[in-house]
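Participant: My structure is stored as structure-v4.txt, with compact mmCIF, C-alpha atoms and all ligand atoms.
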```txt
# COMPACT_ATOMS: atom_id res chain seq x y z
CA MET Y 1 -66.82 -36.68 15.87
CA ALA Y 2 -68.88 -36.83 19.06
CA ASP Y 3 -67.62 -40.32 19.85
CA VAL Y 4 -64.88 -39.64 22.39
CA GLU Y 5 -63.84 -42.29 24.87
CA VAL Y 6 -63.23 -40.99 28.40
CA LEU Y 7 -61.40 -43.31 30.83
CA GLN Y 8 -61.69 -42.83 34.60
CA ASP Y 9 -58.74 -43.58 36.88
CA ALA Y 10 -56.59 -44.12 33.83
CA ALA Y 11 -52.94 -45.00 33.30
CA VAL Y 12 -50.76 -44.47 30.24
CA LEU Y 13 -47.55 -46.45 29.72
CA ILE Y 14 -44.91 -44.66 27.65
CA GLU Y 15 -41.89 -46.38 26.10
CA GLY Y 16 -39.39 -44.07 24.46
CA ASP Y 17 -41.33 -41.52 22.41
CA ARG Y 18 -44.47 -43.67 21.98
CA ILE Y 19 -47.50 -44.73 23.97
CA ALA Y 20 -47.17 -48.45 24.70
CA TRP Y 21 -50.39 -49.12 26.60
CA VAL Y 22 -53.53 -47.33 27.90
CA GLY Y 23 -56.04 -48.66 30.43
CA THR Y 24 -57.15 -48.33 34.02
CA ARG Y 25 -54.66 -47.90 36.84
CA HIS Y 26 -55.24 -51.24 38.49
CA GLU Y 27 -54.61 -53.10 35.21
CA ALA Y 28 -51.44 -51.18 34.45
CA PRO Y 29 -48.44 -53.36 33.63
CA ARG Y 30 -45.95 -53.29 36.53
CA ALA Y 31 -42.28 -53.86 36.03
CA PRO Y 32 -39.21 -52.83 38.05
CA ASP Y 33 -38.06 -50.46 35.34
CA VAL Y 34 -41.41 -48.62 35.06
CA ARG Y 35 -41.13 -45.18 36.63
CA ALA Y 36 -44.51 -43.88 37.76
CA GLN Y 37 -45.64 -40.26 37.62
CA GLU Y 38 -48.96 -39.28 39.18
CA VAL Y 39 -51.01 -36.53 37.60
CA ARG Y 40 -54.34 -35.06 38.66
CA GLY Y 41 -56.89 -33.79 36.20
CA VAL Y 42 -57.67 -34.72 32.62
CA LEU Y 43 -54.98 -35.91 30.24
CA PHE Y 44 -55.71 -35.10 26.58
CA PRO Y 45 -53.86 -36.08 23.44
CA GLY Y 46 -51.51 -33.15 22.75
CA PHE Y 47 -53.52 -30.60 20.75
CA ILE Y 48 -52.68 -30.08 17.09
CA ASP Y 49 -52.81 -26.55 15.69
CA CYS Y 50 -53.11 -27.32 11.98
CA HIS Y 51 -53.15 -23.72 10.68
CA THR Y 52 -50.86 -20.89 11.81
CA HIS Y 53 -48.88 -18.09 10.22
CA GLY Y 54 -46.47 -18.20 13.15
CA VAL Y 55 -43.42 -16.42 11.68
CA PHE Y 56 -43.93 -12.66 11.59
CA GLY Y 57 -42.50 -9.43 12.92
CA GLY Y 58 -44.64 -6.97 14.86
CA PRO Y 59 -48.36 -6.82 15.60
CA ARG Y 60 -50.64 -4.87 13.19
CA LEU Y 61 -52.17 -2.42 15.61
CA ASP Y 62 -53.02 0.22 13.01
CA ASP Y 63 -55.12 -2.29 11.04
CA HIS Y 64 -56.85 -3.26 14.27
CA GLU Y 65 -57.67 0.35 15.06
CA ARG Y 66 -58.78 1.14 11.48
CA ARG Y 67 -61.22 -1.76 11.69
CA ALA Y 68 -62.62 -0.40 14.91
CA LEU Y 69 -63.19 2.85 13.01
CA GLY Y 70 -65.26 0.98 10.43
CA LEU Y 71 -62.87 -0.02 7.61
CA ASP Y 72 -62.95 -3.67 6.60
CA TYR Y 73 -60.11 -6.15 6.01
CA LYS Y 74 -60.13 -5.86 2.23
CA ALA Y 75 -60.32 -2.05 2.24
CA ILE Y 76 -57.34 -1.91 4.61
CA ALA Y 77 -55.41 -4.34 2.39
CA ALA Y 78 -56.23 -2.31 -0.74
CA ALA Y 79 -54.79 0.77 0.99
CA GLY Y 80 -51.43 -0.99 1.48
CA GLY Y 81 -52.05 -2.27 5.00
CA GLY Y 82 -52.98 -5.86 5.72
CA ILE Y 83 -50.65 -8.66 4.66
CA LEU Y 84 -48.34 -6.24 2.79
CA GLU Y 85 -47.54 -4.41 6.01
CA SER Y 86 -46.30 -7.67 7.54
CA VAL Y 87 -44.39 -8.35 4.32
CA ARG Y 88 -42.46 -5.07 4.61
CA ASP Y 89 -41.75 -5.93 8.23
CA VAL Y 90 -40.51 -9.51 7.57
CA ARG Y 91 -38.38 -8.46 4.60
CA ALA Y 92 -36.64 -5.84 6.75
CA ARG Y 93 -35.86 -8.09 9.73
CA SER Y 94 -32.83 -10.30 10.16
CA GLU Y 95 -33.31 -14.02 10.35
CA ALA Y 96 -32.01 -14.01 13.95
CA GLU Y 97 -34.54 -11.39 14.98
CA LEU Y 98 -37.43 -13.28 13.37
CA GLU Y 99 -36.21 -16.45 15.02
CA ALA Y 100 -36.27 -14.90 18.49
CA LEU Y 101 -39.78 -13.51 17.97
CA THR Y 102 -41.06 -16.81 16.60
CA ARG Y 103 -39.49 -18.87 19.37
CA SER Y 104 -41.11 -16.82 22.12
CA ARG Y 105 -44.53 -17.13 20.45
CA LEU Y 106 -44.39 -20.84 19.61
CA LYS Y 107 -43.38 -21.52 23.22
CA VAL Y 108 -46.69 -19.98 24.31
CA LEU Y 109 -48.68 -22.15 21.87
CA LEU Y 110 -46.89 -25.23 23.21
CA ALA Y 111 -47.44 -24.29 26.86
CA ARG Y 112 -51.17 -23.96 26.09
CA GLY Y 113 -51.27 -27.53 24.87
CA SER Y 114 -50.36 -27.44 21.16
CA THR Y 115 -47.74 -30.16 20.77
CA THR Y 116 -47.91 -30.21 16.94
CA ILE Y 117 -48.06 -26.88 15.12
CA GLU Y 118 -48.33 -26.18 11.40
CA VAL Y 119 -46.51 -22.97 10.44
CA LYS Y 120 -46.81 -21.20 7.09
CA SER Y 121 -44.47 -18.80 5.33
CA GLY Y 122 -46.15 -16.07 3.27
CA TYR Y 123 -44.88 -12.76 4.61
CA GLY Y 124 -41.84 -12.73 2.29
CA LEU Y 125 -43.40 -12.91 -1.19
CA GLU Y 126 -39.95 -13.07 -2.77
CA LEU Y 127 -37.70 -16.09 -2.88
CA GLN Y 128 -35.10 -15.08 -0.30
CA ALA Y 129 -37.58 -13.72 2.21
CA GLU Y 130 -39.80 -16.82 1.91
CA LEU Y 131 -36.76 -19.07 2.41
CA LYS Y 132 -35.78 -16.96 5.43
CA GLN Y 133 -39.15 -17.67 7.06
CA LEU Y 134 -38.94 -21.36 6.25
CA ARG Y 135 -35.41 -21.61 7.66
CA VAL Y 136 -36.69 -20.06 10.89
CA ILE Y 137 -39.33 -22.82 11.07
CA LYS Y 138 -36.65 -25.44 10.42
CA ARG Y 139 -34.51 -24.11 13.26
CA MET Y 140 -37.54 -24.03 15.59
CA ARG Y 141 -38.11 -27.68 14.72
CA GLU Y 142 -34.57 -28.50 15.77
CA THR Y 143 -34.67 -26.54 19.02
CA LEU Y 144 -38.25 -26.56 20.39
CA PRO Y 145 -39.79 -29.72 21.86
CA ALA Y 146 -42.86 -29.47 19.58
CA THR Y 147 -43.53 -31.04 16.19
CA LEU Y 148 -43.54 -28.27 13.59
CA VAL Y 149 -44.98 -28.82 10.13
CA ALA Y 150 -43.87 -26.26 7.52
CA THR Y 151 -46.11 -25.02 4.72
CA PHE Y 152 -44.98 -22.78 1.85
CA LEU Y 153 -47.47 -19.93 1.28
CA GLY Y 154 -45.66 -17.80 -1.32
CA ALA Y 155 -49.09 -17.12 -2.86
CA HIS Y 156 -50.45 -15.28 0.19
CA GLU Y 157 -50.77 -11.94 -1.61
CA VAL Y 158 -49.43 -10.33 -4.80
CA PRO Y 159 -46.31 -8.34 -3.80
CA PRO Y 160 -46.29 -4.62 -4.69
CA GLU Y 161 -43.57 -5.03 -7.33
CA TYR Y 162 -45.92 -7.40 -9.25
CA ARG Y 163 -49.15 -5.44 -8.72
CA SER Y 164 -49.82 -4.92 -12.42
CA ARG Y 165 -48.44 -8.31 -13.52
CA ARG Y 166 -50.04 -10.91 -11.32
CA ALA Y 167 -49.55 -13.70 -13.90
CA ASP Y 168 -45.80 -13.12 -13.72
CA TYR Y 169 -45.88 -13.56 -9.95
CA VAL Y 170 -47.86 -16.80 -10.29
CA ARG Y 171 -45.22 -17.99 -12.76
CA LEU Y 172 -42.43 -17.04 -10.33
CA VAL Y 173 -44.10 -18.99 -7.54
CA CYS Y 174 -44.52 -22.07 -9.77
CA GLU Y 175 -41.23 -22.03 -11.61
CA GLU Y 176 -38.75 -20.67 -9.08
CA MET Y 177 -40.08 -20.63 -5.55
CA ILE Y 178 -41.76 -24.04 -5.33
CA PRO Y 179 -38.80 -25.89 -6.90
CA ALA Y 180 -36.36 -24.13 -4.51
CA VAL Y 181 -38.50 -24.91 -1.45
CA ALA Y 182 -38.82 -28.55 -2.51
CA ARG Y 183 -35.10 -28.86 -3.33
CA GLU Y 184 -34.09 -27.56 0.09
CA GLN Y 185 -36.83 -29.64 1.76
CA LEU Y 186 -38.02 -26.61 3.69
CA ALA Y 187 -41.75 -27.43 3.53
CA VAL Y 188 -43.96 -30.50 3.23
CA SER Y 189 -47.00 -28.70 1.88
CA CYS Y 190 -48.07 -25.70 -0.18
CA ASP Y 191 -51.00 -23.36 0.46
CA VAL Y 192 -52.61 -20.50 -1.53
CA PHE Y 193 -54.88 -17.62 -0.42
CA CYS Y 194 -57.66 -18.30 -2.94
CA GLU Y 195 -59.98 -15.30 -2.71
CA PRO Y 196 -61.53 -12.89 -5.23
CA GLY Y 197 -59.04 -10.02 -5.63
CA VAL Y 198 -56.11 -12.12 -4.36
CA PHE Y 199 -55.51 -15.44 -6.18
CA SER Y 200 -58.27 -16.80 -8.44
CA ILE Y 201 -59.37 -20.40 -8.80
CA ALA Y 202 -57.27 -20.68 -11.97
CA ASP Y 203 -54.17 -19.21 -10.27
CA SER Y 204 -54.65 -21.52 -7.28
CA ARG Y 205 -55.02 -24.57 -9.49
CA GLN Y 206 -51.86 -23.68 -11.40
CA ILE Y 207 -49.83 -23.18 -8.20
CA LEU Y 208 -51.09 -26.27 -6.40
CA GLU Y 209 -50.53 -28.46 -9.45
CA ALA Y 210 -46.95 -27.19 -9.64
CA ALA Y 211 -46.55 -27.99 -5.92
CA ARG Y 212 -47.87 -31.51 -6.38
CA ARG Y 213 -45.40 -32.10 -9.22
CA GLN Y 214 -42.61 -31.22 -6.78
CA GLY Y 215 -43.90 -33.73 -4.23
CA LEU Y 216 -45.58 -31.27 -1.84
CA ARG Y 217 -48.99 -31.94 -0.29
CA VAL Y 218 -51.52 -29.18 -0.93
CA LYS Y 219 -53.99 -27.11 1.13
CA LEU Y 220 -56.01 -24.01 0.43
CA HIS Y 221 -57.28 -20.84 2.13
CA ALA Y 222 -60.73 -21.29 0.60
CA ASP Y 223 -63.94 -19.23 0.65
CA GLU Y 224 -62.74 -17.11 3.58
CA LEU Y 225 -64.44 -13.78 2.86
CA GLU Y 226 -66.28 -14.22 -0.45
CA GLY Y 227 -67.10 -17.66 -1.81
CA ALA Y 228 -65.53 -18.52 -5.14
CA GLY Y 229 -65.45 -22.30 -5.30
CA GLY Y 230 -62.25 -22.81 -3.31
CA ALA Y 231 -63.66 -25.75 -1.34
CA GLU Y 232 -64.60 -27.54 -4.57
CA LEU Y 233 -61.08 -26.97 -5.93
CA ALA Y 234 -59.48 -28.32 -2.74
CA ALA Y 235 -61.62 -31.48 -2.91
CA GLU Y 236 -60.89 -31.93 -6.61
CA LEU Y 237 -57.13 -31.68 -6.05
CA GLY Y 238 -57.17 -34.10 -3.10
CA ALA Y 239 -55.94 -31.36 -0.75
CA LEU Y 240 -55.20 -32.28 2.86
CA SER Y 241 -57.46 -29.42 3.95
CA ALA Y 242 -59.65 -26.54 2.84
CA ASP Y 243 -59.37 -23.79 5.43
CA HIS Y 244 -61.64 -20.92 6.63
CA LEU Y 245 -64.85 -21.65 4.63
CA ALA Y 246 -66.99 -18.87 6.15
CA ALA Y 247 -68.41 -18.25 2.65
CA ILE Y 248 -68.57 -21.88 1.44
CA SER Y 249 -71.51 -22.76 -0.88
CA ASP Y 250 -73.79 -25.81 -0.59
CA ALA Y 251 -71.92 -27.33 -3.55
CA GLY Y 252 -68.66 -26.78 -1.65
CA ILE Y 253 -70.08 -28.53 1.42
CA ARG Y 254 -71.12 -31.50 -0.72
CA ALA Y 255 -67.69 -31.63 -2.38
CA LEU Y 256 -65.85 -31.70 0.95
CA ALA Y 257 -68.25 -34.25 2.44
CA ALA Y 258 -67.55 -36.59 -0.48
CA SER Y 259 -63.77 -36.15 -0.21
CA GLN Y 260 -60.91 -36.93 2.18
CA THR Y 261 -60.15 -33.19 2.48
CA VAL Y 262 -60.54 -31.87 6.05
CA ALA Y 263 -62.57 -28.67 6.59
CA VAL Y 264 -60.39 -26.52 8.88
CA LEU Y 265 -62.44 -23.82 10.63
CA LEU Y 266 -60.88 -20.77 12.30
CA PRO Y 267 -63.53 -19.11 14.48
CA ALA Y 268 -61.21 -16.58 16.16
CA THR Y 269 -60.51 -14.99 12.77
CA MET Y 270 -64.11 -14.01 12.13
CA ILE Y 271 -64.42 -12.68 15.68
CA PHE Y 272 -61.19 -10.67 15.49
CA LEU Y 273 -62.35 -9.20 12.14
CA GLY Y 274 -65.60 -8.17 13.81
CA LYS Y 275 -67.73 -10.31 11.48
CA ARG Y 276 -71.03 -11.63 12.67
CA THR Y 277 -70.93 -14.81 10.61
CA GLN Y 278 -69.02 -18.06 11.01
CA ALA Y 279 -68.38 -21.08 8.80
CA PRO Y 280 -71.36 -23.50 8.71
CA ALA Y 281 -69.74 -26.06 11.00
CA ARG Y 282 -72.93 -27.93 11.81
CA LYS Y 283 -73.91 -28.25 8.15
CA LEU Y 284 -70.44 -29.52 7.28
CA ILE Y 285 -70.50 -32.18 10.00
CA ASP Y 286 -74.08 -33.21 9.26
CA ALA Y 287 -73.18 -33.56 5.56
CA GLY Y 288 -70.35 -35.91 6.54
CA ALA Y 289 -67.27 -33.68 6.27
CA ALA Y 290 -64.39 -34.01 8.75
CA VAL Y 291 -64.04 -30.72 10.65
CA ALA Y 292 -60.88 -29.53 12.39
CA LEU Y 293 -60.35 -26.30 14.34
CA ALA Y 294 -57.20 -24.16 14.49
CA THR Y 295 -56.01 -20.77 15.74
CA ASP Y 296 -54.95 -19.21 12.37
CA PHE Y 297 -52.40 -17.45 14.63
CA ASN Y 298 -51.26 -14.40 12.62
CA PRO Y 299 -50.79 -10.65 13.16
CA GLY Y 300 -53.65 -9.51 10.91
CA THR Y 301 -56.71 -11.56 11.64
CA SER Y 302 -56.08 -13.82 14.64
CA PRO Y 303 -53.39 -12.99 17.17
CA THR Y 304 -54.43 -15.75 19.57
CA MET Y 305 -52.02 -18.50 20.67
CA SER Y 306 -54.58 -20.65 22.48
CA LEU Y 307 -56.30 -23.75 21.10
CA PRO Y 308 -58.41 -24.08 24.28
CA LEU Y 309 -59.83 -20.62 23.45
CA ILE Y 310 -60.64 -21.89 19.94
CA MET Y 311 -62.35 -24.94 21.46
CA ALA Y 312 -64.54 -22.66 23.60
CA LEU Y 313 -65.43 -20.65 20.47
CA GLY Y 314 -66.17 -23.92 18.67
CA VAL Y 315 -68.87 -24.66 21.21
CA SER Y 316 -70.29 -21.15 21.59
CA GLN Y 317 -69.90 -19.78 18.05
CA LEU Y 318 -69.98 -22.84 15.79
CA GLY Y 319 -72.52 -24.92 17.67
CA LEU Y 320 -70.25 -27.91 18.16
CA ARG Y 321 -70.45 -30.23 21.14
CA HIS Y 322 -67.55 -30.54 23.56
CA ALA Y 323 -66.62 -33.97 22.23
CA GLU Y 324 -66.66 -32.60 18.68
CA VAL Y 325 -64.25 -29.78 19.49
CA VAL Y 326 -61.88 -32.25 21.16
CA THR Y 327 -61.91 -34.40 18.00
CA ALA Y 328 -61.46 -31.24 15.93
CA VAL Y 329 -58.15 -30.29 17.59
CA THR Y 330 -56.77 -33.84 17.85
CA ILE Y 331 -57.66 -36.61 15.40
CA ASN Y 332 -59.11 -34.40 12.67
CA ALA Y 333 -56.36 -31.79 12.98
CA ALA Y 334 -53.81 -34.60 12.63
CA ALA Y 335 -55.59 -35.70 9.45
CA ALA Y 336 -55.41 -32.12 8.13
CA LEU Y 337 -51.61 -32.49 8.32
CA GLY Y 338 -51.46 -36.05 7.00
CA LEU Y 339 -50.46 -37.31 10.47
CA ALA Y 340 -53.60 -39.18 11.56
CA GLY Y 341 -51.77 -42.51 11.82
CA GLU Y 342 -49.46 -41.38 14.59
CA ARG Y 343 -50.75 -38.30 16.37
CA GLY Y 344 -53.94 -37.04 17.98
CA GLN Y 345 -54.92 -40.05 20.09
CA ILE Y 346 -53.89 -41.57 23.40
CA ALA Y 347 -53.55 -45.08 22.01
CA ALA Y 348 -50.85 -47.72 21.75
CA GLY Y 349 -48.40 -46.94 18.96
CA TYR Y 350 -49.15 -43.20 18.87
CA VAL Y 351 -46.51 -40.56 19.64
CA ALA Y 352 -46.58 -39.76 23.38
CA ASP Y 353 -47.70 -36.12 23.09
CA LEU Y 354 -49.99 -35.21 26.00
CA ALA Y 355 -51.59 -32.13 27.58
CA LEU Y 356 -52.83 -32.00 31.17
CA ALA Y 357 -55.73 -29.83 32.34
CA PRO Y 358 -56.17 -29.81 36.13
CA VAL Y 359 -59.98 -29.92 35.97
CA GLU Y 360 -62.67 -32.35 37.17
CA ASP Y 361 -64.71 -32.74 33.99
CA TRP Y 362 -63.04 -33.02 30.56
CA ARG Y 363 -65.59 -30.59 29.07
CA GLU Y 364 -64.06 -27.79 31.14
CA VAL Y 365 -61.25 -27.57 28.58
CA ALA Y 366 -63.71 -25.80 26.26
CA TYR Y 367 -65.61 -23.95 29.01
CA TRP Y 368 -63.36 -21.53 30.94
CA ILE Y 369 -63.19 -19.14 28.02
CA GLY Y 370 -60.00 -17.09 28.09
CA ARG Y 371 -58.49 -18.92 31.04
CA GLU Y 372 -55.48 -21.06 30.23
CA VAL Y 373 -56.51 -24.52 31.37
CA VAL Y 374 -53.42 -26.52 30.36
CA SER Y 375 -50.86 -26.84 33.17
CA ALA Y 376 -48.35 -29.38 31.81
CA VAL Y 377 -47.34 -30.78 28.44
CA TRP Y 378 -45.33 -33.83 27.30
CA THR Y 379 -43.93 -34.31 23.81
CA ALA Y 380 -42.41 -37.53 22.49
CA GLY Y 381 -42.63 -38.95 26.00
CA SER Y 382 -40.76 -36.16 27.82
CA ALA Y 383 -42.11 -33.39 30.05
CA CYS Y 384 -41.73 -29.95 28.46
CA PRO Y 385 -40.28 -27.17 30.59
CA THR Y 386 -43.01 -24.69 31.56
O1 LIG Y 401 -55.69 -16.72 7.37
N1 LIG Y 401 -56.32 -15.00 4.69
C1 LIG Y 401 -55.13 -14.89 4.57
N2 LIG Y 401 -54.26 -15.05 5.54
C2 LIG Y 401 -54.50 -14.84 6.90
C3 LIG Y 401 -54.41 -13.42 7.25
C4 LIG Y 401 -53.03 -12.99 7.19
C5 LIG Y 401 -52.85 -11.57 7.57
O2 LIG Y 401 -53.78 -10.73 7.52
O3 LIG Y 401 -51.69 -11.29 7.89
C6 LIG Y 401 -55.75 -15.51 7.38
O4 LIG Y 401 -56.73 -14.89 7.79
FE FE Y 402 -54.69 -18.38 7.51
```
Produce structure tokens that represent the structure in this file.
Ligand code: NIG
Ligand code: FE

Facilitator:
Amino acid sequence: MADVEVLQDAAVLIEGDRIAWVGTRHEAPRAPDVRAQEVRGVLFPGFIDCHTHGVFGGPRLDDHERRALGLDYKAIAAAGGGILESVRDVRARSEAELEALTRSRLKVLLARGSTTIEVKSGYGLELQAELKQLRVIKRMRETLPATLVATFLGAHEVPPEYRSRRADYVRLVCEEMIPAVAREQLAVSCDVFCEPGVFSIADSRQILEAARRQGLRVKLHADELEGAGGAELAAELGALSADHLAAISDAGIRALAASQTVAVLLPATMIFLGKRTQAPARKLIDAGAAVALATDFNPGTSPTMSLPLIMALGVSQLGLRHAEVVTAVTINAAAALGLAGERGQIAAGYVADLALAPVEDWREVAYWIGREVVSAVWTAGSACPT
């Protein structure tokens, strides 16, 4: 992960939506039909935000304030706040309203350098409201110049109408929601919030196996607050990623290291929740796991839209080196979405997604904490409006 190649005085040749050639300026192929554009600074592969809950209504300011007063995330959720507050909000909003909110937010992520963004549903928790969120993502894909990857997260929480019959909700997710999402091709992957008190290991296994039968890739919110063996389950099921992992066990670290499953770490979440711990990033990397970083952009635990901020937290909170955080939001984040063959590198054959930071030293991208360092973005070979 620390092996990043940095070219000085570089040139990138783009043909159509792909990178055709990379090298130094004086070796660059010259042809009458090559149009040159000079840029100053450091050109990165477009960043890949591989974990967001980007479709939601309003912010959750009351939760935020209650936490400041000493209540914790699970206590707030048990009192009807938390995810269920966003569920009431999303259910009540029209699709057009949600679309406008989502568009304005995803535009910010893109302007800050995220050219590929994974977006989860999970604030509907009933078939129509989940489909409404996924249709918003589909329309964003058609109208925003970013690559959006949709994930179905119907098992984000047990909805109030199923409080005393959780098994019935799990059955609904498996037998009605997943088949409908797959039939309408509204998502490519399925995720579950696997956490004591939310969905158990057995529930998660049942849901993800149903998703795999319908041709969806799988991922898991695993060991976020209390460890329960989620990382081991993700590795066993061949999940694309196991995400969060602040409470992962040593056995979980070994399981991920021995698998192809990417460990997606979300340092802003623990900070926003006021926790003093973070996922054991160094131990994961040293054991041989592939680590990616993402925003977890959502109204309850991580309202940030900036991957450069996450990179700065990766260095200062997770003990990663600058080169490692660059790998974590490019190549490894692409792998967490099953896209490592075509995104996340400035190399011939890769999609021409690029982010420019007008800085002298590439490490500055993860240094100016809280300052937005990206000044221009290209996707599929074209400059994005800023
Ligand atoms: O990734 N853990 C579950 N889901 C989100 C939080 C969602 C919310 O609170 O709205 C997370 O932290
Ligand atoms: Fe999340």

Participant: For atom CA of Ala312 of chain Y and atom CA of Asn298 of chain Y, determine how far apart the two atoms are, in Å to one decimal place.

Facilitator: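 Atom-to-atom, atom CA of Ala312 of chain Y to atom CA of Asn298 of chain Y, that is 19.1 Å.
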
Participant: Please tabulate, as a tab-separated table, the residues of chain Y that come within 10 Å of ligand LIG 401 (chain Y), each with its closest pair of atoms and the distance in Å to one decimal, counting all atoms listed in the file and ordering rows by chain, then residue number upward.

Facilitator:
```
residue	atom	partner	partner_atom	distance
Y:His51	CA	Y:LIG401	O1	8.1
Y:Thr52	CA	Y:LIG401	O1	7.8
Y:His53	CA	Y:LIG401	C4	7.2
Y:Phe56	CA	Y:LIG401	O3	8.7
Y:Pro59	CA	Y:LIG401	O3	9.5
Y:Arg60	CA	Y:LIG401	O3	8.4
Y:Asp63	CA	Y:LIG401	O2	9.2
Y:Tyr73	CA	Y:LIG401	O2	8.0
Y:Lys74	CA	Y:LIG401	O2	9.6
Y:Ile76	CA	Y:LIG401	O2	9.9
Y:Ala77	CA	Y:LIG401	O2	8.4
Y:Gly81	CA	Y:LIG401	O2	9.0
Y:Gly82	CA	Y:LIG401	O2	5.3
Y:Ile83	CA	Y:LIG401	O3	4.3
Y:Leu84	CA	Y:LIG401	O3	7.9
Y:Glu85	CA	Y:LIG401	O3	8.3
Y:Ser86	CA	Y:LIG401	O3	6.5
Y:Val87	CA	Y:LIG401	O3	8.6
Y:Lys120	CA	Y:LIG401	N2	9.8
Y:Gly122	CA	Y:LIG401	N2	8.5
Y:Tyr123	CA	Y:LIG401	O3	7.7
Y:Leu153	CA	Y:LIG401	N2	9.4
Y:Ala155	CA	Y:LIG401	C1	9.8
Y:His156	CA	Y:LIG401	C1	6.4
Y:Glu157	CA	Y:LIG401	C1	8.1
Y:Val192	CA	Y:LIG401	C1	8.7
Y:Phe193	CA	Y:LIG401	C1	5.7
Y:Cys194	CA	Y:LIG401	N1	8.4
Y:Glu195	CA	Y:LIG401	N1	8.3
Y:Val198	CA	Y:LIG401	C1	9.4
Y:Leu220	CA	Y:LIG401	N1	10.0
Y:His221	CA	Y:LIG401	N1	6.4
Y:Ala222	CA	Y:LIG401	N1	8.7
Y:Asp223	CA	Y:LIG401	N1	9.6
Y:Glu224	CA	Y:LIG401	N1	6.8
Y:Leu225	CA	Y:LIG401	N1	8.4
Y:Asp243	CA	Y:LIG401	O1	8.2
Y:His244	CA	Y:LIG401	O1	7.3
Y:Leu266	CA	Y:LIG401	O1	8.2
Y:Ala268	CA	Y:LIG401	O4	9.6
Y:Thr269	CA	Y:LIG401	O4	6.3
Y:Met270	CA	Y:LIG401	O4	8.6
Y:Phe272	CA	Y:LIG401	O4	9.8
Y:Leu273	CA	Y:LIG401	O4	9.1
Y:Thr295	CA	Y:LIG401	O1	9.3
Y:Asp296	CA	Y:LIG401	O1	5.6
Y:Phe297	CA	Y:LIG401	O1	8.0
Y:Asn298	CA	Y:LIG401	O3	5.7
Y:Pro299	CA	Y:LIG401	O3	5.4
Y:Gly300	CA	Y:LIG401	O2	3.6
Y:Thr301	CA	Y:LIG401	O4	5.1
Y:Ser302	CA	Y:LIG401	O4	7.0
Y:Pro303	CA	Y:LIG401	O3	9.6
```

Participant: Just the number, please: distance in Å from atom CA of Val42 of chain Y to atom CA of Pro358 of chain Y, one decimal.

Facilitator: 6.2 Å

Participant: Would you mind telling me which residue in Y:Gly124, Y:Gly314, Y:Pro267, Y:Gly338 lies nearest to ligand FE 402 (chain Y) when using only C-alpha atoms and all ligand atoms?

Facilitator: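 Using only C-alpha atoms and all ligand atoms, the shortest distance to ligand FE 402 (chain Y) belongs to Y:Pro267.
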
Participant: To one decimal place, how far is atom CA of Phe47 of chain Y from atom CA of Thr379 of chain Y in Å?

Facilitator: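 Those two atoms sit 10.7 Å apart.
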
Participant: Which residue gives the smallest distance to ligand FE 402 (chain Y) among Y:Ala242, Y:Ile285, Y:Ile369, Y:Ala251, with all atoms listed in the file counted?

Facilitator: Y:Ala242

Participant: In the coordinates of the file, take the point (-40.7, -14.5, -0.8) and a cut-off of 9 Å; then, counting only C-alpha atoms, name each qualifying protein, DNA or RNA residue as a list in words.

Facilitator: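 The distance filter leaves exactly Val87, Arg91, Ser121, Gly122, Tyr123, Gly124, Leu125, Glu126, Leu127, Gln128, Ala129, Glu130, Leu131, Lys132, Gln133, Leu153, Gly154, Pro159, Val173 and Met177 of chain Y.
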